[in-house]
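Visitor: The structure follows.
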Amino acid sequence: MEFLGTTRVASYCGTKKSCLFPDPVPTSTTKDTYQSYYLPGYRCLSSWQPSLFHKVVSAPPGSNKPFNPTGRPSTVLPELRSSLHARYSTRDWHHANMVQLKGSEASRYAAGRLNTDSMRLMQDKDQLTHQMQEDSRRNLGERISHIDFWRSELAYELECLLKETRALETAKKRLECAADELQGPLKIALECLYYREKRQGIDLVHDNVEKNLIKEADVFKDCQEILTKLAMKISQQLGINRDAQHALENDLSDKNSAHFIDQKCFNLRNTSDSISFYHGVEKADGTVSVPATWAKFSEDNIRCSQHARANSVKLRDDTEVALESTSEEMWNHFVSTNLAFNNRIAEVADAKNKLQAQLAKVLQEIFQTEDTIMFLERSIKAKEYPLKVAQTRLEGRTRRPNIELCRDGPQFQLVTEVYTIDDTLQTLKRRLQEARDTLQMLFMNKSKLEHDISVKANSFFIDKKCMEMRKVFPSTPRLMGYT
């Protein structure tokens, strides 16, 4: 269809203010390109409508009066002129008929092709659907075989883990029994240490017995701590084993459920009664794994269980080694302490015997010293009379008159006698004092010896009582935790 012109009442022929583009510039190509079309009864229009459009656009803006280029009124109404300009041409009519025929022919040809292609498509899709169903069934069968394989692996690993867990629990009970069994010897060692604190005086010595008792108590405490810590490690490992067991049981339960579901899906046929439509189920993907991660999950669970079993075996071996080493070490220290006790008892008995012998000698010396003191006192008493005689003589001779008061030989002799007797008395008195001091020292030694003898007797009694307490020691099977 070809447009022959435009009407005056078109929307773009009225007065319009441009806000974006400037007014079009008139050119001479309009008249040369388009031929004028004269309407009947209207001869004043000498150009085609675009020139009129140009004039309408070129009119001054803001004018509300109708535009008339010649200044003469039109003879054809605008409504009639609009309907005349809207008619089709003959060329358009022929073209429309040709297009209709060609379209019908094309539709018929397309329908024939569609029917042929539809039959072939139905055959292909039937074959594809059957093949896809067989492939799905085969894949389900393979999946069931994979699930069976992992089910057997998980079941075997779970059985091994349960067996190892029971053995580890037995080892833990042995450790606890051995640790409890050490409480008796440790209590005896501590009682011996506290009992030996009742020793008196110099016997309260840090001897080999005390050293061995302290070391024995420390060894017992260390062994008890080792066994307790090992039991705690086993408790932690039992927790890890239970976690691995829980993971295996959950995985095995999931595998059983998946095996039941896939077996049910594998047995479904087109004639089954339980099939139905579930619209949109293929769009909702609720899977959480792929075959690689699915297999890795079970493999990780089995590997975790194997690692837990390996740690359990190592802990059981450590338990055996710890029980053997601690029992042997405790027995050796017990024997060493008993040997030190026997040596110390012999030393105390020997020292006590020597002190008793020395006490007898001191007593004999005390008796002799007392006799010496008595003889010294008698001797001093006997020297007083000669001194008195000599001093009396000297005092009598001092009364000689005048020239007779002579320093003669008797005078010298008497003076010498007085000095000699006086010096003798002083010497005897000093010796008497020494004898008395010696006697006092002997009495002090006697007292010390008696005290030491009583101390040694007390120590001997204490050590003997400790040895009576240490007659019993747990047997090796009890220290190994078997009873």
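In the structure tokens, chains take the letters A, B, ... in the order shown, each chain's residues start at 1, and ligands count up from 1 in the order shown.
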Give me the residues near Gln200 of chain A as a list of chain:residue names, where near means some atom within 8 Å (using only C-alpha atoms) and where sequence neighbours in that chain fewer than 2 positions away do not count.
Guide: A:Lys198, A:Ile202, A:Asp203, A:Leu204, A:Val455, A:Asn458, A:Ser459
Visitor: Neighbours of Asp350 of chain A within 12 Å (only C-alpha atoms; same-chain residues fewer than 5 positions away dropped), as number ranges by chain?
Guide: A: 343-345, 355-357, 453, 456-457, 460
Visitor: Give me a file of those residues, with all heavy atoms, as a tab-separated table (two decimals), in the first residue's frame.
Guide:
chain	number	residue	atom	x	y	z
A	343	ASN	N	69.20	-53.58	107.54
A	343	ASN	CA	70.52	-53.02	107.85
A	343	ASN	C	70.43	-51.99	108.97
A	343	ASN	O	71.29	-51.94	109.87
A	343	ASN	CB	71.12	-52.37	106.60
A	343	ASN	CG	71.44	-53.39	105.52
A	343	ASN	OD1	71.67	-54.58	105.81
A	343	ASN	ND2	71.46	-52.96	104.27
A	344	ARG	N	69.36	-51.16	108.88
A	344	ARG	CA	69.23	-50.13	109.92
A	344	ARG	C	68.93	-50.75	111.27
A	344	ARG	O	69.46	-50.30	112.31
A	344	ARG	CB	68.09	-49.18	109.53
A	344	ARG	CG	67.94	-48.00	110.47
A	344	ARG	CD	69.19	-47.16	110.48
A	344	ARG	NE	69.06	-46.02	111.36
A	344	ARG	CZ	70.05	-45.21	111.67
A	344	ARG	NH1	71.27	-45.44	111.19
A	344	ARG	NH2	69.85	-44.18	112.48
A	345	ILE	N	68.13	-51.79	111.32
A	345	ILE	CA	67.84	-52.47	112.59
A	345	ILE	C	69.12	-53.06	113.17
A	345	ILE	O	69.36	-52.97	114.40
A	345	ILE	CB	66.77	-53.54	112.36
A	345	ILE	CG1	65.41	-52.88	112.09
A	345	ILE	CG2	66.66	-54.47	113.57
A	345	ILE	CD1	64.33	-53.86	111.66
A	355	LEU	N	76.56	-48.75	123.33
A	355	LEU	CA	76.22	-47.75	124.34
A	355	LEU	C	76.05	-48.39	125.71
A	355	LEU	O	76.45	-47.82	126.74
A	355	LEU	CB	74.94	-47.02	123.93
A	355	LEU	CG	75.05	-46.06	122.74
A	355	LEU	CD1	73.68	-45.53	122.35
A	355	LEU	CD2	75.99	-44.90	123.08
A	356	GLN	N	75.45	-49.55	125.73
A	356	GLN	CA	75.30	-50.24	127.02
A	356	GLN	C	76.65	-50.63	127.61
A	356	GLN	O	76.87	-50.50	128.83
A	356	GLN	CB	74.41	-51.47	126.83
A	356	GLN	CG	72.95	-51.14	126.59
A	356	GLN	CD	72.11	-52.36	126.30
A	356	GLN	OE1	72.65	-53.44	126.02
A	356	GLN	NE2	70.78	-52.22	126.37
A	357	ALA	N	77.56	-51.10	126.75
A	357	ALA	CA	78.91	-51.44	127.24
A	357	ALA	C	79.63	-50.19	127.75
A	357	ALA	O	80.31	-50.20	128.80
A	357	ALA	CB	79.72	-52.10	126.12
A	453	ILE	N	70.54	-44.85	124.85
A	453	ILE	CA	70.12	-46.26	124.85
A	453	ILE	C	68.60	-46.35	124.73
A	453	ILE	O	68.07	-47.19	123.98
A	453	ILE	CB	70.63	-46.96	126.12
A	453	ILE	CG1	72.16	-47.12	126.06
A	453	ILE	CG2	69.97	-48.31	126.30
A	453	ILE	CD1	72.78	-47.62	127.35
A	456	LYS	N	67.75	-45.46	121.15
A	456	LYS	CA	68.03	-46.59	120.26
A	456	LYS	C	67.01	-47.70	120.45
A	456	LYS	O	66.59	-48.36	119.47
A	456	LYS	CB	69.44	-47.13	120.54
A	456	LYS	CG	70.56	-46.15	120.23
A	456	LYS	CD	70.58	-45.79	118.77
A	456	LYS	CE	71.76	-44.88	118.44
A	456	LYS	NZ	71.64	-43.56	119.07
A	457	ALA	N	66.61	-47.91	121.68
A	457	ALA	CA	65.59	-48.94	121.92
A	457	ALA	C	64.28	-48.55	121.25
A	457	ALA	O	63.58	-49.40	120.66
A	457	ALA	CB	65.40	-49.14	123.43
A	460	PHE	N	64.72	-48.98	117.53
A	460	PHE	CA	64.71	-50.41	117.23
A	460	PHE	C	63.29	-50.96	117.24
A	460	PHE	O	62.89	-51.72	116.35
A	460	PHE	CB	65.59	-51.14	118.26
A	460	PHE	CG	65.72	-52.60	118.01
A	460	PHE	CD1	66.64	-53.08	117.09
A	460	PHE	CD2	64.92	-53.52	118.71
A	460	PHE	CE1	66.76	-54.45	116.87
A	460	PHE	CE2	65.04	-54.87	118.47
A	460	PHE	CZ	65.96	-55.33	117.56
Visitor: For Ala346 of chain A, which of A:Phe473, A:Tyr194, A:Phe297, A:Phe461 is the closest residue, counting only C-alpha atoms?
Guide: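 Counting only C-alpha atoms, the residue closest to Ala346 of chain A is A:Phe461.
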Visitor: Write out as number ranges by chain each polymer residue whose atoms come within 9 Å of Ala247 of chain A, counting only C-alpha atoms; drop sequence neighbours fewer than 5 positions from it.
Guide: A: 242, 252, 301, 305
Visitor: How would the residues just chosen look if you wrote them out with N, CA and C atoms as an mmCIF file, in the first residue's frame?
Guide:
data_model
loop_
_atom_site.group_PDB
_atom_site.id
_atom_site.type_symbol
_atom_site.label_atom_id
_atom_site.label_comp_id
_atom_site.auth_asym_id
_atom_site.auth_seq_id
_atom_site.Cartn_x
_atom_site.Cartn_y
_atom_site.Cartn_z
ATOM 1 N N ARG A 242 33.517 -44.925 70.410
ATOM 2 C CA ARG A 242 32.049 -44.861 70.362
ATOM 3 C C ARG A 242 31.581 -43.907 69.269
ATOM 4 N N LEU A 252 25.821 -47.428 58.171
ATOM 5 C CA LEU A 252 25.267 -48.736 57.810
ATOM 6 C C LEU A 252 23.741 -48.696 57.763
ATOM 7 N N ASN A 301 34.725 -42.945 57.065
ATOM 8 C CA ASN A 301 34.236 -43.574 58.298
ATOM 9 C C ASN A 301 35.024 -44.833 58.630
ATOM 10 N N SER A 305 37.551 -45.396 61.754
ATOM 11 C CA SER A 305 37.431 -46.556 62.648
ATOM 12 C C SER A 305 38.745 -47.336 62.720
#
Visitor: Which residue out of A:Leu387, A:Ala292, A:Leu479, A:Leu101 has the minimum interatomic distance to Gly184 of chain A when only C-alpha atoms are used?
Guide: A:Leu479
